Amino acid sequence: MTAETALAPKHSPRDYKSDIKPVWCPGCGDYSVLGSITKAFSELNLDPENVAVISGIGCSSRIPAYTDCYGFHGVHGRSLPLAAGLKVARPDMTVLVASGDGDGFSIGGNHFMHACRRNVDLTYVVMDNRVYGMTKGQASPTTEPDWDNALTPGGSGISPFRPLVIALAAGANFIARGFSGDQNGTAKLLKEAIEHPGFSFVQILSPCVTFRPDQKTWKDDVHDAAVDPTDEIGRAARRLMTDDGFNTGVLYKGEREAFQPPIGEATATVADLEGKFAL
Amino acid sequence: MTAETALAPKHSPRDYKSDIKPVWCPGCGDYSVLGSITKAFSELNLDPENVAVISGIGCSSRIPAYTDCYGFHGVHGRSLPLAAGLKVARPDMTVLVASGDGDGFSIGGNHFMHACRRNVDLTYVVMDNRVYGMTKGQASPTTEPDWDNALTPGGSGISPFRPLVIALAAGANFIARGFSGDQNGTAKLLKEAIEHPGFSFVQILSPCVTFRPDQKTWKDDVHDAAVDPTDEIGRAARRLMTDDGFNTGVLYKGEREAFQPPIGEATATVADLEGKFAL
Amino acid sequence: MNQPTDNTTSISLVLAGSGGSGVITAGNMLLAAAAKAGWYGLMTRSAGPQIRGGEAAALLRLSSEPVSAQPDRYDLIIALDWLNFERFADEIPLDKDTVIIGDASAAKKTPAFVTEGPARRGDIDFKSMSKAIPGGRPNMIALGTIGALIGLPEDALDAALSDALAKRGEDAIAASRAGAEAGRAIAAEMPATPKLPTPEGEKAGRWLISGNEAAGLGAIRGGVRFVAAYPITPATEILEWMSPALTKVGGVLVQAEDELASINMAIGGSYGGVPALTATSGPGLALMTEAIGLAVASEVPVVIVDVMRGGPSTGIPTKSEQSDLNMALYALPGDAPHIVVAPNSIRDCVFTTQWSVHLAEAMQTPAIVLSDQALGQAKSVIAAPADIAFFAQRETATTPAEGEEYQRYAVTASGVSPMAVPGTPGCAYTADGLEHNPRGTPSGGAKDHHIQLDKRQRKTDDFDYGQHWADQAGEGDTVVLTWGSCTGPVLEALDNLAGTEQSARMVSMRLLMPAPKEQLANALEGAKRVIVVEQTHSGQFMGYLRANIDLPKNVEHHCTPGPLPIRPGDIETLIKEGTPS
Amino acid sequence: MNQPTDNTTSISLVLAGSGGSGVITAGNMLLAAAAKAGWYGLMTRSAGPQIRGGEAAALLRLSSEPVSAQPDRYDLIIALDWLNFERFADEIPLDKDTVIIGDASAAKKTPAFVTEGPARRGDIDFKSMSKAIPGGRPNMIALGTIGALIGLPEDALDAALSDALAKRGEDAIAASRAGAEAGRAIAAEMPATPKLPTPEGEKAGRWLISGNEAAGLGAIRGGVRFVAAYPITPATEILEWMSPALTKVGGVLVQAEDELASINMAIGGSYGGVPALTATSGPGLALMTEAIGLAVASEVPVVIVDVMRGGPSTGIPTKSEQSDLNMALYALPGDAPHIVVAPNSIRDCVFTTQWSVHLAEAMQTPAIVLSDQALGQAKSVIAAPADIAFFAQRETATTPAEGEEYQRYAVTASGVSPMAVPGTPGCAYTADGLEHNPRGTPSGGAKDHHIQLDKRQRKTDDFDYGQHWADQAGEGDTVVLTWGSCTGPVLEALDNLAGTEQSARMVSMRLLMPAPKEQLANALEGAKRVIVVEQTHSGQFMGYLRANIDLPKNVEHHCTPGPLPIRPGDIETLIKEGTPS
Ligand SMILES: Cc1ncc(C[n+]2csc(CCOP(=O)(O)OP(=O)(O)O)c2C)c(N)n1
Ligand SMILES: Cc1ncc(C[n+]2csc(CCOP(=O)(O)OP(=O)(O)O)c2C)c(N)n1
Ligand code: SF4
Ligand code: SF4
Ligand SMILES: [Mg+2]
Ligand SMILES: [Mg+2]
């Protein structure tokens, strides 16, 4: 995964884009995230066939088909185990996982925690629009408790999920936040995340223009975070626990070794195994 | 749930115990936890029929049948939603949820986080023995990464789960740690947890004598934590992120309101609802 | 295919347009107007893959009789523009009598299947016309044109339009009225379509409702006061309708983190004594089967509505299919007797869901209601459903006399044992998914297992389901055996053939599990031909029938998967010509 | 029930005792010793509900022929103590010839069904005897007694004992030897049991293996190199055996956080090109069905082993039943063709699991292997399984020629489309659970749906399964139709009846899905009687057969749930006397 970033890239961002037209609404933040992803791949000089983009179900989870890499559009909430299986079986592939706040933090919340712990070398990109876009506008774990909607009129009444501090508490080694409005900045974050060994988590604030038109103010809300990402973990916890949800940048970096049991290295034959049963 | 604790209890701890003989191994920590639970009920002067003990599957999850309260021994990992459904439907019941580190943090991890967020008034007791007892000794999320076992020989290689800081990050309002070796201390914690409105989480270190005989040192490892449980949340995060896993006591207390939508209060009839469809 | 006849009793039309053109809004107004005029009607919507802003079509069928199926052909198609219109081609059978009105300003973009097809054509310059009206919109022009062509009374359309736009204020209403007026005016220049006769008789007692709303209402009628669920297409509208409705009648809906939580919450609520429900679609039901098995073993009533969509896997989320049948019948681990019922019309979604609550509660076991997208997401003008006396009537336990012991899983003749509501003194028990003895104490003994298996099976086998196990109609020694949303087209076909040599009977099964074997055998007695109709690819319903009853050797089978609806004409052809082999 | 005969070819015995008495250890030594002596054997264990420390029993059957079933009766029962012994009563049929040896020091605690039963009795004072030997233990005394009674050569027992205790050192071995010696000495005072003749012929080529180990080995033989799983009784031993074994052959096992993760990880690994498997039991399989449906739709091979236990729900986790059959066949949402196969013996766990890998990979679809607790957790001395040529042979894609396009879901005659291994240039594609066109682009169109449904169905329907679809044995115009672990008792019954007037044939189905309709019809041709044998309560296998083939009207049905095994005598009686009606 060490890319010769100094050289001119072999592939332009376009080379990672498929010819399938996204189903997204005009103006959806996810278009820009797709752009950031392909830009990061290009700058890392990855061959498209050595990259896999894995997802669950949701507007955001549609990304794999829009790339010209290998991809898997799985079932709702299970992108992380799907991706972990692939990466453990095929350590040579670069595996990026794309998800949404519903797919990743609601139905998929358990896999999120355990992926952080397990530390398989994946880059986990969650396009957070604080809503279930695909099912037409219900509250997600990151939705404000007073956001009115048809399923929970007057708001869910539940305090929002804090994905970054959960990631830290669960053991993630690379934690960042980006904003889809800043395509280049997000591409840079993704590049760094992909290069970081082990599990990297990048939350990207990506507005849903259709069900959350109020999110157009996000472009004013986001701000650069000036933090030391290699800070001591206790201080990092305090910081992430109390941040405002709009500070962007790399917010934590650890050095835990990636989980990658050896594969393909046989020390015995099947006949040897059978021998143990023979009388 | 405000109990007249000053009065002599109406029921002795025995009154909450059933006549079913536990399946537990002799010496299992869970016997003592059962004792702490019934002691807490007694001191809170609860009528057994107004208490429900809900669980999943595991040695620890066997507890409901050993009490003489209402109980539900559900499926593996789903005790919290089962209990939340009960409590929301029946706010008059006192609901205690009993789980293990596998049931609660592995398969049930997502419900754990969302129960912390949702803040239904439940008391969640996790008997943590850092092993899957019931299935005969595999690594759980809280198991040390180098603990040798048949399923992951040489150890899982995965860094342990930190339940308390996860609970805090997910929004829990009452977080405590106890040790089964200290039955009275644990009973006190449970009493306080039950009395606290909203979701209360109590991790109880409860050794598995059969698969983790090494845990007999725990009695020496545990120590009282002298902390201010109403500490500012950022500082609490820092503390729980870096604690040694053996400090016991109430470690965090918040004041978020419990989630309890009104039930049983009708403002309209079914005919009124039908009226909306009539032309 | 049917040709339009002079004595038209139904008119079918499509209003299509690209994102934002408001065809669904106009379609809703049209349906409401038709209702006000005393007509019945059915509206289905179809959309491209885009989340929002993609092309859409409102498919309407209006009639002086209740409408039970999508039509065989369309009388009228109005396309506000031609963008991606071909996407709907499969769904819109047209013929030489179909009138197609397109966008005059983009006549060149007319898709080939329209220009090359046999239909009669007209053009309207929607854009210029609407620009000429302050605040005017093409969809309102189309509305007026349609109204005039099909004979919809002006005042009905006007009233529907005012109702729909009431919140938007007078100006919006005036602009829309002007648009409709202009549309009406230009209708005279278009090829004529059949007109619906002004209906006679009773107009009262009609409802405008979708199948998903009807299911929600049936549940509340039956006594459901606790719902926990996770959104999924095409079931979400059940939940979105129920959420505020429950609050009003003293119930509550909790949005869960996933389907594993939803079903377990529902079981928890029901264990607490409050009739409970969850609603989902195929992928969600798959996640619930472990806990549904728990409800069987621990004997907790709960209703699960599965609004089926195209499968397998994520499949075709916005289209209908009956292919979750096997899953609903057989997906639980172990021998796990439970109830499966299926509504056979939008109107019947009220009855069947209400009944399911009654069944679940009476037998203390889960009941799965198999609805589908075609019922759930379609809107219909229906005759108000009858009141029925099926409510949640759970047999509960009271504090036992001194010296007696409460046995939660006591062995009874019916198999049903009184269930203690938590809070009842002297009845504390632990509900358990482990096999147990009558008291509820876990037991792996052969005798206890056998006794409890028998008891659980007896509950559902011996229950008296009355005549509700199926709806039957028609006469003749040909029997069409079907279920769910296939019922509508079968009924219409039978109606069309009534009194002819091909006159046939229908048996539409509402109760699928336990299989009503005797009732079925009786219903099929004397049949010379049996035709099984279902909307799956692999013939799940046929397999289920074969497993349970002896079908005649020459049984015929009409079995097509989604996403296209089965149409009355398909069934007529089948009856007339037999299943091609 | 069979009476012991002079020409005994098998001896059955039980060694029981309370927690910590080491009866399972002794049972294992006995089995190993019997194997060394050239005998075949089967050992099942039974335990009380306690996690550890509860009463336990080792049930052994030793024979000069391969053992395929639990016995009809026991020749010998040794109870080291009587604590909770009655818990095993159901599982241990005894008769007047049974020899029961109990604890002399606690003769009063002898349970009623023993004292009141017809059996012959002896007493041994295990405690005093073992105390007399430094480091002596009652279980070793019993071992010696049993060996002497049944005619087990001393050297074999001695060798087994030394092997088992090698790690514990010389002293332990010496103490155990002394114990066994004392036990042997006292045997002369006990009532005699039949003795097994010293076997003749080939002793080589035998294995000592459990069904779960055999399944794990079959998987590795077939090419599985990636496993992800979550522990569950009674499947865990598959995983615990495979974990180190995979490491040795260059594979890997990942312990997942739950079954949702396990199956998705396995699918991910297989998508990456590495044949993959997960193993579970009923509750876990229920959690996997959504993702198994994904594997069907996205056409990713994967093997799922379900070691069935008593259901429904948590049920009876440590006992066997065949009641997950319906779930394995039908639990996936939508029309989702996949493979279901079932091993019919411990030995066959190797073959069938290996074959399942081949089938899954060849057809790019999930294969469910239905094993059960009776096979999985029993240990047996078997003839070494034959080498077979079924390996993972996935049809893969290569970089297309310039100007050509790779189509992942290309429509082919067989239905199988070459699958690109990630890393292959020019073949990048997105696997999808949404319905799609041949390229893989999501599509909700009727034509694409129908084409892909046909293609997926064709893959499994048209595959050539050869003769492996069933095992057949015996002669006669009575056919016993069965599957899985019921096969053993049926085989033995048929053996016993061979050459008599009741001589019968067996068809034991290994391939359950797709239903081998033609093969079955052929196999049943000419049958005068058909007897269906299965271990469920609701008759799942019968329902499945009825759904797929025309059974004779007079078909008979032997259907009992777990936890007790079906015994050869049951089947013999059935064949002789017919199914009681
Ligand atoms: C098992 C299952 N449950 C529910 C659904 C329905 N569903 C599809 S996407 C989605 C939520 C998507 O929200 P998010 O992940 O935030 O993505 P977004 O559309 O907002 O990008 C849901 C609930 C499903 N497909 N499968
Ligand atoms: C769906 C499902 N998966 C797996 C199991 C098997 N199982 C039973 S208990 C258990 C783990 C228990 O561990 P823990 O919760 O720590 O409880 P302990 O026995 O240690 O008290 C497992 C994996 C199951 N019953 N159901
Ligand atoms: S609904 Fe929202 S998230 Fe989905 S495509 Fe539209 S704007 Fe994007
Ligand atoms: S196995 Fe461990 S946790 Fe389970 S009962 Fe025994 S000591 Fe307790
Ligand atoms: Mg979202
Ligand atoms: Mg544990």
# chains A, B, ... in the order shown; residues from 1 in each chain; ligands from 1
>>> residues_near_ligand(ligand="ligand 1", cutoff="7 Å", atoms="only C-alpha atoms and all ligand atoms", output="JSON, numbers by chain")
{"A": [57, 58, 59, 60, 61, 75, 76, 99, 100, 101, 102, 103, 104, 127, 128, 129, 130, 131, 132, 133, 134, 135, 140], "C": [230, 231, 232, 233, 258, 259, 283, 284, 287, 314]}
>>> residues_around(residues="B:Lys276", least_positions_apart="3", cutoff="9 Å", atoms="only C-alpha atoms", output="ChimeraX atom specification")
/B:272-273,279 /C:207-208
>>> closest_residue(among="A:Leu151, A:Ala115, A:Leu86, A:Leu44", to="chain C", atoms="only C-alpha atoms")
A:Leu151
>>> atom_distance(atom1="atom CA of B:Phe174", atom2="atom CA of B:Leu96")
13.9 Å
>>> interface_residues(of="chain B", to="chain A", cutoff="7 Å", atoms="only C-alpha atoms", output="list in words")
Gly109, Asn110, Arg117, Arg118, Ile158, Ser159, Phe161, Arg162, Val165, Ile166, Ala169, Ala170, Gly234, Arg235, Ala237, Arg238, Arg239, Met241 and Thr242 of chain B
>>> write_last_selection(atoms="all heavy atoms", output="short mmCIF file (atom, residue, chain, number, x, y, z; two decimals), in the first residue's frame")
data_model
loop_
_atom_site.label_atom_id
_atom_site.label_comp_id
_atom_site.auth_asym_id
_atom_site.auth_seq_id
_atom_site.Cartn_x
_atom_site.Cartn_y
_atom_site.Cartn_z
N GLY B 109 -23.61 -6.52 20.94
CA GLY B 109 -22.95 -5.22 21.05
C GLY B 109 -23.76 -4.05 20.51
O GLY B 109 -23.73 -2.95 21.06
N ASN B 110 -24.47 -4.27 19.43
CA ASN B 110 -25.21 -3.16 18.85
C ASN B 110 -26.35 -2.71 19.76
O ASN B 110 -26.57 -1.52 19.95
CB ASN B 110 -25.78 -3.57 17.48
CG ASN B 110 -26.09 -2.37 16.61
OD1 ASN B 110 -25.41 -1.34 16.71
ND2 ASN B 110 -27.11 -2.48 15.79
N ARG B 117 -27.91 4.83 24.30
CA ARG B 117 -28.44 6.04 23.66
C ARG B 117 -29.90 6.26 24.00
O ARG B 117 -30.33 7.36 24.29
CB ARG B 117 -28.41 5.88 22.14
CG ARG B 117 -27.11 6.03 21.47
CD ARG B 117 -27.36 5.98 19.97
NE ARG B 117 -28.22 7.05 19.54
CZ ARG B 117 -29.20 6.94 18.65
NH1 ARG B 117 -29.46 5.79 18.08
NH2 ARG B 117 -29.94 7.98 18.33
N ARG B 118 -30.67 5.18 23.88
CA ARG B 118 -32.13 5.30 23.99
C ARG B 118 -32.55 5.67 25.40
O ARG B 118 -33.51 6.36 25.62
CB ARG B 118 -32.77 4.00 23.52
CG ARG B 118 -34.26 4.12 23.26
CD ARG B 118 -34.83 2.84 22.69
NE ARG B 118 -34.55 2.69 21.27
CZ ARG B 118 -33.83 1.72 20.72
NH1 ARG B 118 -33.28 0.80 21.48
NH2 ARG B 118 -33.65 1.67 19.42
N ILE B 158 -6.62 -9.94 19.34
CA ILE B 158 -7.45 -8.74 19.18
C ILE B 158 -7.54 -8.00 20.50
O ILE B 158 -7.72 -8.60 21.55
CB ILE B 158 -8.86 -9.14 18.72
CG1 ILE B 158 -8.76 -9.92 17.41
CG2 ILE B 158 -9.73 -7.92 18.54
CD1 ILE B 158 -10.09 -10.38 16.90
N SER B 159 -7.40 -6.67 20.44
CA SER B 159 -7.38 -5.93 21.70
C SER B 159 -8.75 -5.90 22.33
O SER B 159 -9.76 -5.77 21.65
CB SER B 159 -6.84 -4.52 21.47
OG SER B 159 -7.77 -3.76 20.76
N PHE B 161 -12.22 -5.29 24.33
CA PHE B 161 -13.32 -4.34 24.32
C PHE B 161 -13.34 -3.60 25.66
O PHE B 161 -13.12 -4.20 26.70
CB PHE B 161 -14.58 -5.22 24.19
CG PHE B 161 -15.84 -4.51 23.89
CD1 PHE B 161 -16.07 -4.01 22.63
CD2 PHE B 161 -16.82 -4.39 24.86
CE1 PHE B 161 -17.27 -3.38 22.34
CE2 PHE B 161 -18.02 -3.77 24.58
CZ PHE B 161 -18.25 -3.26 23.32
N ARG B 162 -13.64 -2.30 25.62
CA ARG B 162 -13.72 -1.51 26.87
C ARG B 162 -15.17 -1.12 27.10
O ARG B 162 -15.62 -0.05 26.68
CB ARG B 162 -12.90 -0.24 26.73
CG ARG B 162 -11.41 -0.42 26.48
CD ARG B 162 -10.77 0.98 26.37
NE ARG B 162 -9.38 0.93 25.98
CZ ARG B 162 -8.95 1.00 24.73
NH1 ARG B 162 -9.82 1.06 23.72
NH2 ARG B 162 -7.66 0.99 24.48
N VAL B 165 -16.22 2.59 28.72
CA VAL B 165 -16.07 3.82 27.94
C VAL B 165 -16.98 3.78 26.72
O VAL B 165 -17.50 4.81 26.29
CB VAL B 165 -14.58 4.10 27.61
CG1 VAL B 165 -14.01 3.01 26.76
CG2 VAL B 165 -14.43 5.44 26.91
N ILE B 166 -17.23 2.58 26.21
CA ILE B 166 -18.20 2.46 25.13
C ILE B 166 -19.57 2.93 25.62
O ILE B 166 -20.28 3.69 24.95
CB ILE B 166 -18.31 0.99 24.64
CG1 ILE B 166 -17.04 0.55 23.91
CG2 ILE B 166 -19.55 0.79 23.76
CD1 ILE B 166 -16.95 0.94 22.46
N ALA B 169 -19.56 6.66 25.82
CA ALA B 169 -19.58 7.28 24.50
C ALA B 169 -20.95 7.11 23.87
O ALA B 169 -21.42 7.97 23.12
CB ALA B 169 -18.50 6.65 23.62
N ALA B 170 -21.61 6.00 24.17
CA ALA B 170 -22.92 5.75 23.56
C ALA B 170 -24.03 6.48 24.29
O ALA B 170 -25.16 6.52 23.81
CB ALA B 170 -23.20 4.25 23.54
N GLY B 234 -16.27 14.73 29.51
CA GLY B 234 -14.97 14.61 28.82
C GLY B 234 -13.94 13.99 29.75
O GLY B 234 -13.18 13.10 29.36
N ARG B 235 -13.93 14.47 30.99
CA ARG B 235 -12.97 13.91 31.95
C ARG B 235 -13.31 12.46 32.26
O ARG B 235 -12.43 11.62 32.42
CB ARG B 235 -12.95 14.74 33.23
CG ARG B 235 -11.87 15.82 33.22
CD ARG B 235 -11.46 16.24 34.63
NE ARG B 235 -12.60 16.67 35.40
CZ ARG B 235 -13.04 17.95 35.46
NH1 ARG B 235 -12.40 18.90 34.79
NH2 ARG B 235 -14.09 18.26 36.19
N ALA B 237 -14.64 10.38 30.23
CA ALA B 237 -14.19 9.60 29.07
C ALA B 237 -12.71 9.27 29.21
O ALA B 237 -12.27 8.15 28.98
CB ALA B 237 -14.44 10.39 27.79
N ARG B 238 -11.96 10.28 29.57
CA ARG B 238 -10.52 10.09 29.72
C ARG B 238 -10.23 9.03 30.79
O ARG B 238 -9.42 8.13 30.59
CB ARG B 238 -9.90 11.42 30.11
CG ARG B 238 -8.41 11.33 30.26
CD ARG B 238 -7.84 12.69 30.48
NE ARG B 238 -6.40 12.60 30.65
CZ ARG B 238 -5.63 13.66 30.74
NH1 ARG B 238 -6.14 14.86 30.63
NH2 ARG B 238 -4.34 13.50 30.89
N ARG B 239 -10.96 9.14 31.88
CA ARG B 239 -10.76 8.22 32.98
C ARG B 239 -11.10 6.78 32.59
O ARG B 239 -10.33 5.85 32.78
CB ARG B 239 -11.67 8.69 34.13
CG ARG B 239 -11.39 8.09 35.44
CD ARG B 239 -11.91 8.92 36.62
NE ARG B 239 -13.09 9.73 36.42
CZ ARG B 239 -14.35 9.28 36.43
NH1 ARG B 239 -14.59 8.00 36.54
NH2 ARG B 239 -15.35 10.13 36.30
N MET B 241 -11.35 5.53 29.68
CA MET B 241 -10.55 5.07 28.55
C MET B 241 -9.25 4.46 29.04
O MET B 241 -8.68 3.59 28.38
CB MET B 241 -10.25 6.27 27.64
CG MET B 241 -9.67 5.91 26.31
SD MET B 241 -10.96 5.25 25.21
CE MET B 241 -9.92 4.57 23.93
N THR B 242 -8.78 4.92 30.16
CA THR B 242 -7.43 4.53 30.59
C THR B 242 -7.44 3.77 31.90
O THR B 242 -6.38 3.52 32.46
CB THR B 242 -6.55 5.79 30.74
OG1 THR B 242 -7.24 6.72 31.58
CG2 THR B 242 -6.29 6.43 29.40
#
>>> atom_distance(atom1="atom CA of A:Ala176", atom2="atom CA of A:Lys87")
21.4 Å
>>> residues_near_ligand(ligand="ligand 3", cutoff="8 Å", atoms="only C-alpha atoms and all ligand atoms", output="compact mmCIF listing (two decimals) with C-alpha atoms, in the first residue's frame")
# COMPACT_ATOMS: atom_id res chain seq x y z
CA VAL A 23 -29.36 7.15 -8.70
CA TRP A 24 -28.60 10.07 -6.41
CA CYS A 25 -30.67 13.23 -6.28
CA PRO A 26 -29.14 16.25 -7.98
CA GLY A 27 -26.96 18.04 -5.44
CA CYS A 28 -26.49 15.04 -3.13
CA GLY A 29 -23.24 15.24 -1.18
CA ASP A 30 -22.32 11.71 -2.20
CA GLY A 58 -28.43 3.03 1.32
CA CYS A 59 -27.95 5.94 -1.05
CA SER A 60 -24.33 6.21 0.07
CA ASN A 129 -26.19 12.84 6.41
CA VAL A 131 -30.90 10.64 7.94
CA TYR A 132 -32.03 7.47 6.19
CA GLY A 133 -32.02 8.81 2.66
CA MET A 134 -32.84 5.65 0.76
CA LYS A 136 -37.10 8.50 2.42
CA GLY A 137 -36.31 10.38 5.53
CA SER A 206 -22.34 14.55 3.29
CA PRO A 207 -25.60 16.48 3.16
CA CYS A 208 -28.86 14.99 1.98
CA VAL A 209 -30.37 17.79 -0.06
CA THR A 210 -33.71 16.04 -0.34
CA PHE A 211 -34.62 15.10 3.19
CA ARG A 212 -32.31 17.43 5.10
CA GLN C 50 -33.51 7.54 -8.60
CA ILE C 51 -34.18 8.32 -4.97
CA ARG C 52 -35.93 11.50 -5.95
>>> interface_residues(of="chain C", to="chain B", cutoff="7 Å", atoms="only C-alpha atoms", output="MDAnalysis selection string")
chainID C and resid 205:209 221 226 245 248:252 257 261 264:269 271:272 274 291 294 422:425 428:433
>>> interface_residues(of="chain D", to="chain C", cutoff="7 Å", atoms="only C-alpha atoms", output="ChimeraX atom specification")
/D:282-283,286-287,289-290,293-294,297,310-316,323-324,326-327,330-336,433-435,444,446,537-538,543-544,546-547,562-564
>>> select_by_dssp(residues="stretch 219-371 of chain C", states="strand (DSSP E or B)", output="ChimeraX atom specification")
/C:226-229,249,252-255,276-280,302-308,310,315-316,339-341,366-371
>>> atom_distance(atom1="atom CA of C:Ala215", atom2="atom CA of C:Asp471")
18.0 Å
>>> select_by_dssp(residues="stretch 97-224 of chain B", states="helix (DSSP H, G or I)", output="PyMOL selection string")
chain B and resi 101-107+109-118+163-170+183-195+213-221
>>> closest_residue(among="C:Gln393, C:Gln452, C:Thr110, C:Thr412", to="C:His358", atoms="only C-alpha atoms")
C:Gln393
>>> residues_around(residues="D:Ser128", least_positions_apart="5", cutoff="10 Å", atoms="only C-alpha atoms", output="count of residues only")
6
>>> residues_around(residues="D:Ala180", least_positions_apart="3", cutoff="6 Å", atoms="only C-alpha atoms", output="ChimeraX atom specification")
/D:140-141,143-144,177,183
>>> write_last_selection(atoms="N, CA and C atoms", output="PDB file, in the first residue's frame")
ATOM      1  N   MET D 140     -10.983 -46.125  36.362  1.00  0.00           N
ATOM      2  CA  MET D 140     -10.021 -47.084  35.809  1.00  0.00           C
ATOM      3  C   MET D 140     -10.374 -48.519  36.218  1.00  0.00           C
ATOM      4  N   ILE D 141     -10.916 -48.627  37.443  1.00  0.00           N
ATOM      5  CA  ILE D 141     -11.402 -49.944  37.879  1.00  0.00           C
ATOM      6  C   ILE D 141     -12.464 -50.425  36.884  1.00  0.00           C
ATOM      7  N   LEU D 143     -12.973 -49.536  33.922  1.00  0.00           N
ATOM      8  CA  LEU D 143     -12.386 -49.811  32.613  1.00  0.00           C
ATOM      9  C   LEU D 143     -11.889 -51.249  32.546  1.00  0.00           C
ATOM     10  N   GLY D 144     -11.185 -51.644  33.580  1.00  0.00           N
ATOM     11  CA  GLY D 144     -10.671 -53.012  33.621  1.00  0.00           C
ATOM     12  C   GLY D 144     -11.790 -54.042  33.641  1.00  0.00           C
ATOM     13  N   ARG D 177      -3.090 -48.307  35.302  1.00  0.00           N
ATOM     14  CA  ARG D 177      -2.908 -49.723  34.991  1.00  0.00           C
ATOM     15  C   ARG D 177      -3.293 -50.604  36.167  1.00  0.00           C
ATOM     16  N   GLY D 183      -9.796 -54.014  38.398  1.00  0.00           N
ATOM     17  CA  GLY D 183     -11.116 -54.129  37.782  1.00  0.00           C
ATOM     18  C   GLY D 183     -11.250 -55.431  37.023  1.00  0.00           C
TER      19      GLY D 183
END
>>> closest_residue(among="A:Leu46, A:Ala40, A:Leu251, A:Ile204", to="ligand 5", atoms="only C-alpha atoms and all ligand atoms")
A:Ile204
>>> residues_around(residues="D:Phe351", least_positions_apart="3", cutoff="8 Å", atoms="only C-alpha atoms", output="list in words")
Gly218, Pro343, Arg347, Asp348, Gln354, Trp355, Pro385 and Ile388 of chain D
